[in-house]
Amino acid sequence: MTGAPVGVYPPEELKKMSEAEIADLLARDLYENAYETQNKAPVAYKGKALAETLETALYLCPRCHRIDTLHSRGDRFSCDCGLTMTLDEYGFFQGEDLPFKTPLDWDRWQTGEMEKLAQALGDEPAFFDEDQTLNRKEDDHSLTPLTTGRMALYRDRLTVGDRAFPLRDLRGIGLIQRQGMVFSTADGDFAVTASRLRCVRKYQTLFELLKERIKA
C-alpha cells in the first residue's frame, strides 16, 4: 500500500462550497481505479480461492442474462449456462471468449442492465431471495427478528416475509461486508439476514435507480 496527499483546501475555500460540492470533491480525491494501477504496475495478490464469493458482487450473467446463476469455487467463477473463467492473482479473468477482463468492467455492464430493468419493470418483482429474516435494529445494536420469508424488490416496494416497505419511504439500502443488508424508514432501522450465501448488491443498485424514477 502507498499513500499521499491528493488535495489541500483552506477553510476560506471550503466555506464558499455547499455540502454537496464538498462531498463531490472528497469522492473525486478518494477515488481509486485499482485496475488502472494494475495496468501500470502489476502487483500480485496471492492467496487461495481468489474467486470465492465473487457472486456476492457479480449477479448478472453476460451470456444468458439471468440473475443469481453465477457461482464461485476456488479460483473458478462460472454460470449455470456454461460460462466459465478463473480469476488470477492480479485480479483479471482468464479463459476463452470472455465478455470482460475484470470484475470492474463486468460491474459497469450489469449496472447498465439494471438501468434498463428499472425502466421496463412491470408488476412482477425484479428478483427475490428465499429464507430471509427481517430484523429490527435496537438502540444497543442488537437485532430483534420480526418475520422470515421471501425478500423481493418491486418497482414501488421492498417486501420481506409479510412486511412491505414502499420505496419512497426507504432512506437508503446499505451493505455491511458481503452479506449484510440494512435500511431505514421513519419507523426505525432494519437489517435483513440469511444463513446462506446470496447477493444483496443487486437490491442496492436497483433501488437507487428506482428511487430516482420515483423522485422524477
# chains A, B, ... in the order shown; residues from 1 in each chain; ligands from 1
$ residues_around --residues "Ala34 of chain A" --least-positions-apart "6" --cutoff "10 Å" --atoms "only C-alpha atoms" --output "number ranges by chain"
A: 42, 91, 104
$ residues_around --residues "Asp139 of chain A" --least-positions-apart "2" --cutoff "12 Å" --atoms "only C-alpha atoms" --output "VMD selection string"
chain A and resid 136 to 137 141 to 144 188 to 190
$ write_last_selection --atoms "C-alpha atoms" --output "mmCIF file, in the first residue's frame"
data_model
loop_
_atom_site.group_PDB
_atom_site.id
_atom_site.type_symbol
_atom_site.label_atom_id
_atom_site.label_comp_id
_atom_site.auth_asym_id
_atom_site.auth_seq_id
_atom_site.Cartn_x
_atom_site.Cartn_y
_atom_site.Cartn_z
ATOM 1 C CA ARG A 136 -35.262 -4.507 13.821
ATOM 2 C CA LYS A 137 -32.019 -2.876 14.951
ATOM 3 C CA HIS A 141 -27.264 -2.609 18.172
ATOM 4 C CA SER A 142 -28.893 -5.972 18.871
ATOM 5 C CA LEU A 143 -31.296 -7.472 16.325
ATOM 6 C CA THR A 144 -34.891 -8.458 17.052
ATOM 7 C CA GLY A 188 -36.693 2.653 12.586
ATOM 8 C CA ASP A 189 -33.637 0.802 11.335
ATOM 9 C CA PHE A 190 -33.815 -2.718 9.893
#
$ atom_distance --atom1 "atom CA of Gln204 of chain A" --atom2 "atom CA of Thr69 of chain A"
18.5 Å
$ closest_residue --among "A:Pro11, A:Pro125, A:Pro99, A:Gly74" --to "Cys61 of chain A" --atoms "only C-alpha atoms"
A:Pro99
$ residues_around --residues "Leu170 of chain A" --least-positions-apart "6" --cutoff "8 Å" --atoms "only C-alpha atoms" --output "number ranges by chain"
A: 183-185
$ atom_distance --atom1 "atom CA of Glu36 of chain A" --atom2 "atom CA of Thr102 of chain A"
11.0 Å
$ select_by_dssp --residues "segment 55-151 of chain A" --states "strand (DSSP E or B)" --output "ChimeraX atom specification"
/A:60,67,70-73,76-79,84-87,93-94,127-137,143-151
